[in-house]
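model.pdb, holding PDB, C-alpha atoms:
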```pdb
ATOM      1  CA  MET A  20      -4.002  -1.058   8.649
ATOM      2  CA  ILE A  21      -5.128   1.732  10.975
ATOM      3  CA  SER A  22      -5.439  -0.641  13.944
ATOM      4  CA  GLY A  23      -1.942  -1.887  13.093
ATOM      5  CA  PHE A  24      -0.708   1.577  13.893
ATOM      6  CA  ALA A  25      -2.384   1.517  17.299
ATOM      7  CA  ASN A  26      -0.729  -1.636  18.630
ATOM      8  CA  PRO A  27       3.079  -1.467  19.072
ATOM      9  CA  GLN A  28       3.668  -5.184  18.388
ATOM     10  CA  ARG A  29       1.561  -5.185  15.254
ATOM     11  CA  PHE A  30       3.259  -1.939  14.201
ATOM     12  CA  LEU A  31       6.648  -3.697  14.398
ATOM     13  CA  GLY A  32       5.366  -6.390  12.053
ATOM     14  CA  LEU A  33       3.777  -3.919   9.664
ATOM     15  CA  SER A  34       6.739  -1.524   9.584
ATOM     16  CA  ASN A  35       9.101  -4.465   9.062
ATOM     17  CA  TRP A  36       8.119  -4.482   5.374
ATOM     18  CA  LEU A  37       6.773  -0.917   5.123
ATOM     19  CA  LEU A  38      10.156   0.611   6.096
ATOM     20  CA  PRO A  39      12.260  -1.083   3.370
ATOM     21  CA  ILE A  40       9.614  -0.270   0.724
ATOM     22  CA  THR A  41       9.516   3.390   1.804
ATOM     23  CA  SER A  42      13.323   3.579   1.892
ATOM     24  CA  VAL A  43      13.751   2.138  -1.607
ATOM     25  CA  LEU A  44      11.064   4.466  -2.994
ATOM     26  CA  ALA A  45      12.741   7.421  -1.243
ATOM     27  CA  VAL A  46      16.076   6.631  -2.926
ATOM     28  CA  ILE A  47      14.509   6.248  -6.385
ATOM     29  CA  VAL A  48      12.343   9.396  -6.218
ATOM     30  CA  SER A  49      15.198  11.447  -4.674
ATOM     31  CA  ALA A  50      17.627  10.456  -7.447
ATOM     32  CA  PHE A  51      15.033  11.374 -10.056
ATOM     33  CA  GLY A  52      14.188  14.689  -8.354
ATOM     34  CA  VAL A  53      17.785  15.757  -7.755
ATOM     35  CA  VAL A  54      18.819  15.231 -11.382
ATOM     36  CA  TRP A  55      15.671  16.931 -12.678
ATOM     37  CA  SER A  56      15.937  20.001 -10.461
ATOM     38  CA  LEU A  57      19.708  20.533 -10.731
ATOM     39  CA  LEU A  58      20.261  19.628 -14.364
ATOM     40  CA  TYR A  59      17.075  19.683 -16.435
ATOM     41  CA  ALA A  60      14.806  22.293 -14.860
ATOM     42  CA  PRO A  61      15.232  25.663 -16.574
ATOM     43  CA  ALA A  62      16.847  28.539 -14.668
ATOM     44  CA  ASP A  63      14.371  31.155 -13.431
ATOM     45  CA  TYR A  64      14.114  34.107 -15.813
ATOM     46  CA  GLN A  65      14.635  36.594 -12.949
ATOM     47  CA  GLN A  66      16.651  34.691 -10.361
ATOM     48  CA  GLY A  67      18.806  32.567 -12.656
ATOM     49  CA  GLU A  68      20.451  29.508 -11.113
ATOM     50  CA  THR A  69      19.818  30.551  -7.484
ATOM     51  CA  ALA A  70      16.192  29.461  -7.986
ATOM     52  CA  ARG A  71      17.504  25.863  -7.829
ATOM     53  CA  ILE A  72      17.558  26.357  -4.052
ATOM     54  CA  MET A  73      13.747  26.310  -4.236
ATOM     55  CA  TYR A  74      13.758  22.537  -4.895
ATOM     56  CA  ILE A  75      15.135  21.864  -1.410
ATOM     57  CA  HIS A  76      13.854  24.924   0.448
ATOM     58  CA  VAL A  77      10.129  24.458  -0.263
ATOM     59  CA  PRO A  78      10.022  20.673   0.462
ATOM     60  CA  SER A  79      11.871  21.232   3.758
ATOM     61  CA  ALA A  80       9.230  23.834   4.666
ATOM     62  CA  TRP A  81       6.460  21.327   3.861
ATOM     63  CA  ILE A  82       8.087  18.725   6.103
ATOM     64  CA  ALA A  83       8.705  21.320   8.848
ATOM     65  CA  VAL A  84       4.970  22.085   9.000
ATOM     66  CA  GLY A  85       3.859  18.518   8.163
ATOM     67  CA  ALA A  86       5.934  16.928  10.926
ATOM     68  CA  TYR A  87       4.450  19.289  13.483
ATOM     69  CA  SER A  88       0.954  18.500  12.223
ATOM     70  CA  GLY A  89       1.807  14.794  12.513
ATOM     71  CA  MET A  90       2.936  15.366  16.106
ATOM     72  CA  ALA A  91      -0.370  17.119  16.823
ATOM     73  CA  ILE A  92      -2.360  14.158  15.424
ATOM     74  CA  GLY A  93      -0.237  11.728  17.467
ATOM     75  CA  SER A  94      -0.725  13.870  20.581
ATOM     76  CA  ILE A  95      -4.511  13.959  20.125
ATOM     77  CA  SER A  96      -4.722  10.196  19.596
ATOM     78  CA  TYR A  97      -2.657   9.744  22.763
ATOM     79  CA  LEU A  98      -4.667  12.205  24.858
ATOM     80  CA  VAL A  99      -8.121  11.101  23.648
ATOM     81  CA  TRP A 100      -7.734   7.342  23.075
ATOM     82  CA  GLY A 101      -4.551   6.673  25.028
ATOM     83  CA  HIS A 102      -2.732   5.256  21.994
ATOM     84  CA  ALA A 103       0.893   4.681  23.023
ATOM     85  CA  LEU A 104       1.905   4.766  19.356
ATOM     86  CA  GLY A 105       0.551   8.300  19.024
ATOM     87  CA  ASP A 106       2.849   9.351  21.848
ATOM     88  CA  ILE A 107       5.771   7.450  20.288
ATOM     89  CA  ALA A 108       5.150   9.034  16.864
ATOM     90  CA  ALA A 109       4.956  12.541  18.326
ATOM     91  CA  LYS A 110       8.142  12.013  20.319
ATOM     92  CA  VAL A 111      10.270  10.728  17.439
ATOM     93  CA  MET A 112       8.942  13.246  14.895
ATOM     94  CA  ALA A 113      10.152  16.197  17.012
ATOM     95  CA  PRO A 114      13.913  15.985  16.319
ATOM     96  CA  ILE A 115      13.289  15.071  12.665
ATOM     97  CA  GLY A 116      10.903  18.007  12.234
ATOM     98  CA  ALA A 117      13.349  20.316  14.003
ATOM     99  CA  ALA A 118      16.122  19.272  11.595
ATOM    100  CA  PHE A 119      13.933  19.997   8.542
ATOM    101  CA  THR A 120      12.861  23.341  10.045
ATOM    102  CA  ALA A 121      16.530  24.244  10.528
ATOM    103  CA  LEU A 122      17.148  23.266   6.891
ATOM    104  CA  CYS A 123      14.205  25.397   5.777
ATOM    105  CA  LEU A 124      15.554  28.424   7.669
ATOM    106  CA  ALA A 125      19.143  27.878   6.507
ATOM    107  CA  THR A 126      18.356  27.272   2.828
ATOM    108  CA  GLY A 127      15.927  30.212   2.881
ATOM    109  CA  SER A 128      18.613  32.437   4.332
ATOM    110  CA  ILE A 129      21.131  31.292   1.684
ATOM    111  CA  TRP A 130      18.536  31.924  -1.038
ATOM    112  CA  GLY A 131      17.573  35.297   0.455
ATOM    113  CA  ARG A 132      21.079  36.724   0.355
ATOM    114  CA  PRO A 133      21.417  36.893  -3.484
ATOM    115  CA  THR A 134      17.659  37.361  -4.065
ATOM    116  CA  TRP A 135      16.606  39.860  -1.396
ATOM    117  CA  GLY A 136      20.056  41.182  -0.498
ATOM    118  CA  THR A 137      19.777  40.024   3.117
ATOM    119  CA  TRP A 138      20.373  36.819   5.080
ATOM    120  CA  TRP A 139      17.564  37.564   7.511
ATOM    121  CA  GLU A 140      14.636  39.916   7.995
ATOM    122  CA  TRP A 141      11.973  39.939  10.736
ATOM    123  CA  ASP A 142       9.341  39.180   8.131
ATOM    124  CA  GLY A 143       6.103  37.437   9.199
ATOM    125  CA  ARG A 144       6.855  34.130   7.434
ATOM    126  CA  LEU A 145      10.487  33.983   8.547
ATOM    127  CA  THR A 146       9.637  34.847  12.130
ATOM    128  CA  SER A 147       6.737  32.360  12.409
ATOM    129  CA  VAL A 148       8.939  29.544  11.053
ATOM    130  CA  LEU A 149      11.622  30.510  13.572
ATOM    131  CA  VAL A 150       8.920  30.243  16.282
ATOM    132  CA  LEU A 151       8.099  26.751  14.917
ATOM    133  CA  PHE A 152      11.768  25.801  15.333
ATOM    134  CA  PHE A 153      11.687  26.984  18.960
ATOM    135  CA  LEU A 154       8.448  25.055  19.562
ATOM    136  CA  TYR A 155      10.236  21.871  18.443
ATOM    137  CA  LEU A 156      13.156  22.663  20.757
ATOM    138  CA  GLY A 157      10.805  23.443  23.668
ATOM    139  CA  TYR A 158       8.923  20.170  23.124
ATOM    140  CA  MET A 159      12.169  18.174  23.114
ATOM    141  CA  ALA A 160      13.501  20.038  26.160
ATOM    142  CA  LEU A 161      10.285  19.306  28.077
ATOM    143  CA  ARG A 162      10.443  15.600  27.193
ATOM    144  CA  SER A 163      14.090  15.263  28.162
ATOM    145  CA  ALA A 164      13.573  17.171  31.424
ATOM    146  CA  LEU A 165      10.826  14.800  32.624
ATOM    147  CA  ASP A 166      11.155  11.081  33.337
ATOM    148  CA  GLU A 167       9.428   8.787  30.869
ATOM    149  CA  THR A 168       5.998   8.591  32.495
ATOM    150  CA  SER A 169       2.427   8.986  31.266
ATOM    151  CA  LYS A 170       2.430  12.380  32.983
ATOM    152  CA  ALA A 171       5.417  13.530  30.923
ATOM    153  CA  SER A 172       3.776  12.263  27.737
ATOM    154  CA  LYS A 173       0.581  14.141  28.584
ATOM    155  CA  ALA A 174       2.419  17.381  29.346
ATOM    156  CA  ALA A 175       4.348  17.109  26.066
ATOM    157  CA  ALA A 176       1.142  16.377  24.124
ATOM    158  CA  ILE A 177      -0.573  19.442  25.591
ATOM    159  CA  LEU A 178       2.438  21.659  24.802
ATOM    160  CA  CYS A 179       2.392  20.329  21.223
ATOM    161  CA  LEU A 180      -1.324  21.070  20.825
ATOM    162  CA  VAL A 181      -0.980  24.607  22.210
ATOM    163  CA  GLY A 182       1.771  25.203  19.648
ATOM    164  CA  THR A 183      -0.455  24.214  16.713
ATOM    165  CA  ILE A 184      -1.839  27.783  16.807
ATOM    166  CA  ASN A 185       1.398  28.649  14.992
ATOM    167  CA  ILE A 186       0.559  26.426  11.977
ATOM    168  CA  PRO A 187      -2.226  28.654  10.532
ATOM    169  CA  ILE A 188      -0.105  31.677  11.439
ATOM    170  CA  ILE A 189       2.706  30.309   9.219
ATOM    171  CA  ARG A 190       0.221  29.605   6.434
ATOM    172  CA  PHE A 191      -1.370  33.076   6.455
ATOM    173  CA  SER A 192       1.728  35.068   7.528
ATOM    174  CA  VAL A 193       2.427  35.997   3.911
ATOM    175  CA  GLU A 194      -1.067  37.524   3.639
ATOM    176  CA  TRP A 195      -1.127  39.285   7.005
ATOM    177  CA  TRP A 196       2.381  40.744   6.974
ATOM    178  CA  ASN A 197       3.184  41.225   3.341
ATOM    179  CA  THR A 198       6.761  42.402   3.832
ATOM    180  CA  LEU A 199       9.362  40.223   2.119
ATOM    181  CA  HIS A 200       8.534  36.544   1.695
ATOM    182  CA  GLN A 201       6.493  35.842  -1.440
ATOM    183  CA  LYS A 202       2.874  34.728  -1.225
ATOM    184  CA  ALA A 203       1.630  31.173  -1.704
ATOM    185  CA  SER A 204       2.285  30.058  -5.283
ATOM    186  CA  ILE A 205       1.236  26.394  -5.212
ATOM    187  CA  ILE A 206      -1.768  25.800  -2.938
ATOM    188  CA  ARG A 207      -3.740  28.911  -3.842
ATOM    189  CA  GLU A 208      -7.014  29.972  -5.382
ATOM    190  CA  GLY A 209      -6.884  29.571  -9.163
ATOM    191  CA  GLY A 210      -4.217  26.839  -9.048
ATOM    192  CA  PRO A 211      -0.419  27.048  -8.916
ATOM    193  CA  SER A 212       1.153  30.197 -10.342
ATOM    194  CA  LEU A 213       4.494  28.439 -10.785
ATOM    195  CA  ASP A 214       5.339  27.401 -14.363
ATOM    196  CA  PRO A 215       4.949  23.608 -14.886
ATOM    197  CA  SER A 216       8.619  23.334 -15.921
ATOM    198  CA  LEU A 217       9.542  24.406 -12.358
ATOM    199  CA  LEU A 218       6.473  23.024 -10.555
ATOM    200  CA  HIS A 219       6.885  19.404 -11.683
ATOM    201  CA  PRO A 220      10.453  18.870 -10.437
ATOM    202  CA  LEU A 221       9.455  20.682  -7.228
ATOM    203  CA  LEU A 222       6.575  18.262  -6.667
ATOM    204  CA  VAL A 223       8.911  15.299  -7.278
ATOM    205  CA  MET A 224      11.297  16.712  -4.663
ATOM    206  CA  GLY A 225       8.304  17.194  -2.339
ATOM    207  CA  VAL A 226       7.396  13.498  -2.689
ATOM    208  CA  ALA A 227      11.070  12.575  -2.171
ATOM    209  CA  TYR A 228      11.228  14.583   1.068
ATOM    210  CA  LEU A 229       7.932  13.073   2.237
ATOM    211  CA  LEU A 230       9.252   9.541   1.618
ATOM    212  CA  ILE A 231      12.529  10.349   3.412
ATOM    213  CA  PHE A 232      10.554  11.754   6.336
ATOM    214  CA  ALA A 233       8.250   8.708   6.404
ATOM    215  CA  ALA A 234      11.195   6.291   6.390
ATOM    216  CA  LEU A 235      12.998   8.232   9.136
ATOM    217  CA  THR A 236       9.830   8.303  11.249
ATOM    218  CA  LEU A 237       9.109   4.579  10.828
ATOM    219  CA  ALA A 238      12.717   3.712  11.734
ATOM    220  CA  ALA A 239      12.677   6.008  14.776
ATOM    221  CA  MET A 240       9.315   4.619  15.956
ATOM    222  CA  ARG A 241      10.672   1.067  15.775
ATOM    223  CA  ALA A 242      13.738   2.125  17.788
ATOM    224  CA  GLU A 243      11.522   3.851  20.375
ATOM    225  CA  ILE A 244       9.324   0.732  20.768
ATOM    226  CA  TRP A 245      12.443  -1.394  21.329
ATOM    227  CA  LYS A 246      13.765   1.211  23.780
ATOM    228  CA  ARG A 247      10.542   1.226  25.811
ATOM    229  CA  SER A 248      10.382  -2.590  25.883
ATOM    230  CA  ALA A 249      14.023  -2.694  26.975
ATOM    231  CA  ASP A 250      13.440  -0.045  29.662
ATOM    232  CA  ALA A 251      10.456  -1.982  31.033
ATOM    233  CA  LEU A 252      12.380  -5.273  31.003
ATOM    234  CA  GLN A 253      15.392  -3.694  32.659
ATOM    235  CA  ALA A 254      13.208  -2.278  35.433
ATOM    236  CA  ARG A 255      11.663  -5.717  35.953
ATOM    237  CA  LEU A 256      15.043  -7.477  36.067
ATOM    238  CA  GLN A 257      16.446  -4.999  38.562
ATOM    239  CA  SER A 258      13.529  -5.236  40.962
TER     240      SER A 258
ATOM    241  CA  MET B   4      14.183  17.457 -21.839
ATOM    242  CA  ILE B   5      17.680  18.762 -22.368
ATOM    243  CA  PRO B   6      20.387  19.545 -19.776
ATOM    244  CA  GLN B   7      20.551  23.256 -18.988
ATOM    245  CA  PHE B   8      24.345  23.443 -18.875
ATOM    246  CA  ALA B   9      26.730  23.284 -21.835
ATOM    247  CA  SER B  10      29.629  21.862 -19.819
ATOM    248  CA  PHE B  11      30.399  20.345 -16.437
ATOM    249  CA  ALA B  12      32.331  23.475 -15.462
ATOM    250  CA  GLU B  13      29.258  25.573 -16.216
ATOM    251  CA  PHE B  14      27.148  23.215 -14.121
ATOM    252  CA  LEU B  15      29.534  23.616 -11.186
ATOM    253  CA  ALA B  16      29.603  27.418 -11.577
ATOM    254  CA  MET B  17      25.776  27.719 -11.296
ATOM    255  CA  GLY B  18      25.736  31.062 -13.098
ATOM    256  CA  GLY B  19      28.189  32.558 -10.618
ATOM    257  CA  TYR B  20      26.154  31.498  -7.575
ATOM    258  CA  ALA B  21      27.976  28.218  -6.910
ATOM    259  CA  GLY B  22      28.523  29.027  -3.225
ATOM    260  CA  PHE B  23      24.825  29.668  -2.614
ATOM    261  CA  VAL B  24      23.371  26.809  -4.672
ATOM    262  CA  TRP B  25      25.931  24.157  -3.672
ATOM    263  CA  GLY B  26      26.037  25.463  -0.106
ATOM    264  CA  ALA B  27      22.279  25.030   0.321
ATOM    265  CA  TRP B  28      22.215  21.630  -1.436
ATOM    266  CA  GLY B  29      25.320  20.382   0.365
ATOM    267  CA  LEU B  30      23.956  21.398   3.753
ATOM    268  CA  SER B  31      20.639  19.657   3.045
ATOM    269  CA  ALA B  32      22.387  16.469   1.894
ATOM    270  CA  ALA B  33      24.612  16.484   4.985
ATOM    271  CA  VAL B  34      21.723  16.981   7.434
ATOM    272  CA  ILE B  35      19.583  14.279   5.787
ATOM    273  CA  ALA B  36      22.558  11.883   5.736
ATOM    274  CA  GLY B  37      23.059  12.617   9.431
ATOM    275  CA  LEU B  38      19.391  11.860  10.167
ATOM    276  CA  ILE B  39      19.614   8.519   8.301
ATOM    277  CA  LEU B  40      22.812   7.560  10.136
ATOM    278  CA  ARG B  41      21.273   8.489  13.493
ATOM    279  CA  ALA B  42      18.143   6.425  12.754
ATOM    280  CA  ARG B  43      20.219   3.365  11.858
ATOM    281  CA  VAL B  44      22.526   3.600  14.880
ATOM    282  CA  THR B  45      19.683   4.178  17.387
ATOM    283  CA  GLY B  46      17.634   1.320  15.917
ATOM    284  CA  ARG B  47      20.525  -1.113  15.993
ATOM    285  CA  ASN B  48      21.536  -0.134  19.548
ATOM    286  CA  GLN B  49      18.048  -0.388  21.052
ATOM    287  CA  LYS B  50      17.315  -3.705  19.335
ATOM    288  CA  ALA B  51      20.607  -5.178  20.566
ATOM    289  CA  ARG B  52      19.929  -3.877  24.076
ATOM    290  CA  LEU B  53      16.451  -5.443  24.121
ATOM    291  CA  GLU B  54      17.773  -8.781  22.861
ATOM    292  CA  ALA B  55      20.549  -8.810  25.488
ATOM    293  CA  LEU B  56      18.014  -8.115  28.228
ATOM    294  CA  ARG B  57      15.720 -10.889  26.941
ATOM    295  CA  GLN B  58      18.606 -13.352  27.061
ATOM    296  CA  GLU B  59      19.461 -12.195  30.573
ATOM    297  CA  LYS B  60      15.827 -12.785  31.567
ATOM    298  CA  ASP B  61      15.744 -16.276  30.033
ATOM    299  CA  ALA B  62      19.045 -17.152  31.752
ATOM    300  CA  GLY B  63      17.629 -15.924  35.039
ATOM    301  CA  THR B  64      14.479 -18.046  34.823
ATOM    302  CA  THR B  65      16.224 -21.290  33.830
ATOM    303  CA  SER B  66      18.932 -21.231  36.524
TER     304      SER B  66
END
```
Could you show the structure in this file as structure tokens?
Amino acid sequence: MISGFANPQRFLGLSNWLLPITSVLAVIVSAFGVVWSLLYAPADYQQGETARIMYIHVPSAWIAVGAYSGMAIGSISYLVWGHALGDIAAKVMAPIGAAFTALCLATGSIWGRPTWGTWWEWDGRLTSVLVLFFLYLGYMALRSALDETSKASKAAAILCLVGTINIPIIRFSVEWWNTLHQKASIIREGGPSLDPSLLHPLLVMGVAYLLIFAALTLAAMRAEIWKRSADALQARLQS
Amino acid sequence: MIPQFASFAEFLAMGGYAGFVWGAWGLSAAVIAGLILRARVTGRNQKARLEALRQEKDAGTTS
């Protein structure tokens, strides 16, 4: 399984059945999660119905950070072992991660307006997630500015790894600069502080977002493998 | 589990925060739909391009 992810041709075979399975699961879990969080989950006793934004805001934040971590793993496997698939994974995860980071910022802003009374504040968590968004944009700009060579892939991988310093900063920002964003309420000492009636639909939405992200990544990796094969073939035919 | 809203109108109103709740959910649905569409189009295009080039190569070697 792991070696299948290191060889592009074997990856195409593996993802040929992994992608439809992931997609079908994503649809089923999403449908379940959407109905649960919009219709059956109780309104928050303080925030009322606006707390229903949580079910899309928090999963998008998980994917925003998770996609970047995935890019970092891909970049390391490319730099250390020269795995082309690591480079491909990192490359295709960037725009997907950027989109989920934008969603995290936008839904957070929409939630903040009725809850905090402001669309935006230069709070530690908000600012570090905005930095994450710019890291994604910088990574994509670097890749598109350079021709597709191993040098470009290496430069992009190094930029990605330098940016991982921001990941623990995002995690601990709510401890270090305790200004507006609430502290961790799920992965914390003593277990989640969120009531199970809200936590369970949130976790279902988290799994749904993870499956959507996995399906998008698999599909984009397949497209990138075809693109690279086509580029190589085209260069050969023209010479 | 029981639905939290007495009527469909109440569901749409979201306790007076319809614009915020539906705005955030609608935006998320639109962006994710866009990502899925983009993935499908790019995949189809690159696969077709590769197959066309392979045919071109085979035609070149046989002639």
(Q) To test your reading of the syntax: which residues would the PyMOL selection byres ((chain A) within 9 of (chain B)) return for the file shown? Reply as a VMD selection string. (A) chain A and resid 55 57 to 62 67 to 72 75 to 76 79 115 118 to 119 122 125 to 127 129 to 130 132 to 133 231 234 to 236 238 to 246 248 to 250 252 to 253 256
Q. Distance CA of Gly225 in chain A-CA of Ala175 in chain A, one decimal place?
A.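 Distance reported for this atom pair: 28.7 Å.
CA of Phe153 in chain A is positioned 21.9 Å from CA of Glu167 in chain A.
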Starting from 3 Å padding per side, set up an axis-aligned box that covers all listed atoms of range 147-160 of chain A and hand over centre and edge lengths in Å, one decimal, as JSON.
```
{"center_x": 10.1, "center_y": 25.3, "center_z": 18.6, "size_x": 12.8, "size_y": 20.2, "size_z": 21.1}
```
Q: Just the residues within 10 Å of range 183-194 of chain A, please, counting only C-alpha atoms, with nothing from its chain fewer than 3 positions along; format it as a PyMOL selection string.
A: chain A and resi 84-85+87-88+90-91+142-151+154+178-180+197-203
Q: One decimal, Å: what's the distance from CA of Trp100 in chain A over to CA of Arg162 in chain A, could you say?
A: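 According to the coordinates, CA of Trp100 in chain A and CA of Arg162 in chain A are separated by 20.4 Å.
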Q: To verify the selection step, state as a PyMOL selection string which residues the PyMOL selection byres ((chain A and resi 82) around 8) yields on this input.
A: chain A and resi 78-81+83-86+116+119-120+228-229+232
(Q) Report as number ranges by chain all protein, DNA and RNA residues lying within 12 Å of Leu213 in chain A, evaluated on all atoms listed in the file, omitting residues in the same chain fewer than 4 positions from it. (A) A: 63, 73, 202-207, 209, 217-222
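Proximity ranking of A:Gly101, A:Pro211, A:Gly32, A:Gly89 relative to Ser169 in chain A places A:Gly101 first, based on only C-alpha atoms.
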**Q.** Selection near Ser172 in chain A, 7 Å with all atoms listed in the file, sequence-local residues under 4 positions removed, as a count of residues only
**A.** 3
Q: Please evaluate the PyMOL selection byres ((chain A and resi 159) around 10) against the structure above and give the resulting residues as a ChimeraX atom specification.
A: /A:110-111,113-114,117,153-158,160-164,175
